[in-house]
Amino acid sequence: MLSAESAAVVRATLPAVAGALDEITTRFYGTMFRDRPELLDGMFNRGNQASGAQRRALAGSIAAFATALLDAPDERPDTLLARIAHKHAAVGVTDDQYTIVHKYLFGAIAEVLGDAVTPEVAAAWDEVYWLMAGALIAREARLYQDAGVRPGRIWRRWTVVERRPEAPEVVSFVLRPADGGPAPRARAGQYVSVRVRMADGVHQVRQYSLSSDPGEDLRRITVKRVAGTAGAPDGEVSAVLHDEIHEGDELTLSAPFGDVVLDDPADAAVPVVLVSAGIGCTPMTGMLAHLAATGSARPVLVLHADRSPGHHALRTETRRLLGRLPDARAVFWYERPGADEPDARTGLMDLRGVELPEDATVFLCGPLPFMRDVRGRLLRAGVPARRIRYEVFGPDLWLPAAAA
């Protein structure tokens with residue numbers, strides 16, 4: 001709970017702090033990486049740093065948490081905290097790193113806001129930070145315990161047993177634990193981090209959804225080559241996976257994490273709607289595979305949009321899995337339709353004329369503009385916000401608004 005004294009100060013200063021957060025986080029990362037360059041080795045993605053995505057995600061999470069404390073002082077923003085905790089656990093964040101972040105973040109705040117940071121202001125925002133950090137540390141400790149790993153010791157070597165092209169610039173890797181032990185427990189919809197050493201010796205990390213049934217002994221990730229846009233560099237990890245990794249090679253993977261997962265068995269009768277675009281189909285295929293493997297009788301509706309049938313990764317597998325479920329159907333949209341999918345609709349996804357199952361849980365994944373548009377359409381169609389779950393690849397730039 002935020003103290004009454006601190007709440008008053010935070011409420012008064014939130015507009016100024018929020019307005020300066022972009023500059024604050026820019027200075028924060030620049031100074032921290034200058035002094036602690038080891039944090040760039042396997043902890044922070046350089047592409048996200050170069051594009052500003054990580055900086056904007058941090059700024060948004062701080063502002064969202066402070067706002068939530070003011071709006072509901074006795075509660076915690078569970079959706080926000082769960083999402084961040086899973087992302088942190090997936091790269092091995094440990095308790096001591098919160099102290100490092102505190103030092104450089106508050107140094108940046110003092111530099112940017114100058115004399116406006118009185119002792120009272122510093123103490124109030126210090127309370128906000130440690131309330132957030134404490135909640136995350138507790139959640140991450142539980143995640144590590146549930147995953148059967150020590151804090152920060154999340155990595156394991158896996159052998160590539162199959163490499164399979166899925167679509168232009170999309171490749172699947174089927175993996176088995178290199179130590180011969182069992183695969184760790186995972187839930188449909190979760191992701192793993194892949195950690196690779198770059199040519200300059202620095203390790204880089206990227207998360208990929210499990211695109212097969214997580215109950216199997218083998219695991220699969222499906223990777224799209226990331227091309228840089230708007231001045232951002234090409235994806236370093238995806239380039240290494242596409243260009244250098246073949247059958248028989250080994251990869252370093254984290255334990256599985258992620259909070260956007262299929263419901264508990266108690267909800268076995270609740271309809272499921274899986275909505276995706278492009279490579280956002282990967283967690284949906286994993287969920288669909290799990291439903292088929294467990295003999296689920298849940299009503300399932302798959303909605304997917306892509307450039308063409310040939311660009312639709314895992315399309316044939318999706319059709320096969322749908323055929324194994326007793327109450328499942330799909331609607332596909334393609335900008336360039338083809339004879340392979342004669343019943344597909346032309347253009348971008350449009351939910352008009354699509355009958356949505358009543359009281360369904362909706363899972364959503366794809367580019368942010370796509371998800372914003374579809375979420376709005378779902379809300380206007382009467383789907384409650386609490387029933388719309390979404391996964392973002394990379395830093396979450398959408399959570400505060402989507403959680404509203």
# chains A, B, ... in the order shown; residues from 1 in each chain; ligands from 1
>>> residues_around(residues="Thr316 of chain A", least_positions_apart="6", cutoff="12 Å", atoms="only C-alpha atoms", output="VMD selection string")
chain A and resid 166 to 167 285 309 to 310 322 to 323 340 to 341
>>> write_last_selection(atoms="C-alpha atoms", output="PDB file, in the first residue's frame")
ATOM      1  CA  GLU A 166       7.274 -23.408 -42.929  1.00  0.00           C
ATOM      2  CA  ALA A 167       6.863 -20.314 -45.140  1.00  0.00           C
ATOM      3  CA  THR A 285      -0.893 -23.528 -33.045  1.00  0.00           C
ATOM      4  CA  PRO A 309      -1.784 -19.029 -48.153  1.00  0.00           C
ATOM      5  CA  GLY A 310       1.899 -19.556 -48.968  1.00  0.00           C
ATOM      6  CA  LEU A 322      -8.870 -28.689 -36.650  1.00  0.00           C
ATOM      7  CA  GLY A 323      -9.903 -32.000 -38.209  1.00  0.00           C
ATOM      8  CA  ASP A 340      -5.046 -23.678 -51.737  1.00  0.00           C
ATOM      9  CA  GLU A 341      -7.710 -21.965 -49.619  1.00  0.00           C
TER      10      GLU A 341
END
>>> residues_around(residues="segment 222-229 of chain A", least_positions_apart="3", cutoff="7 Å", atoms="only C-alpha atoms", output="number ranges by chain")
A: 169-173, 211, 232-235, 238-239, 242, 279, 282
>>> residues_around(residues="Ala68 of chain A", least_positions_apart="6", cutoff="10 Å", atoms="only C-alpha atoms", output="PyMOL selection string")
chain A and resi 62+74-77+80+400
>>> closest_residue(among="A:His86, A:Arg389, A:Arg157, A:His102", to="Arg142 of chain A", atoms="only C-alpha atoms")
A:His86
>>> select_by_dssp(residues="segment 71-288 of chain A", states="helix (DSSP H, G or I)", output="number ranges by chain")
A: 71, 78-89, 96-116, 119-147, 236-244, 265-267, 278-288
>>> residues_around(residues="Gly107 of chain A", least_positions_apart="5", cutoff="9 Å", atoms="only C-alpha atoms", output="PyMOL selection string")
chain A and resi 27-28+102+112
>>> write_last_selection(atoms="C-alpha atoms", output="mmCIF file, in the first residue's frame")
data_model
loop_
_atom_site.group_PDB
_atom_site.id
_atom_site.type_symbol
_atom_site.label_atom_id
_atom_site.label_comp_id
_atom_site.auth_asym_id
_atom_site.auth_seq_id
_atom_site.Cartn_x
_atom_site.Cartn_y
_atom_site.Cartn_z
ATOM 1 C CA ARG A 27 19.542 8.449 -19.808
ATOM 2 C CA PHE A 28 18.960 5.518 -17.481
ATOM 3 C CA HIS A 102 17.208 1.648 -8.791
ATOM 4 C CA VAL A 112 16.355 15.212 -15.895
#
>>> atom_distance(atom1="atom CA of Ala292 of chain A", atom2="atom CA of Met371 of chain A")
25.7 Å
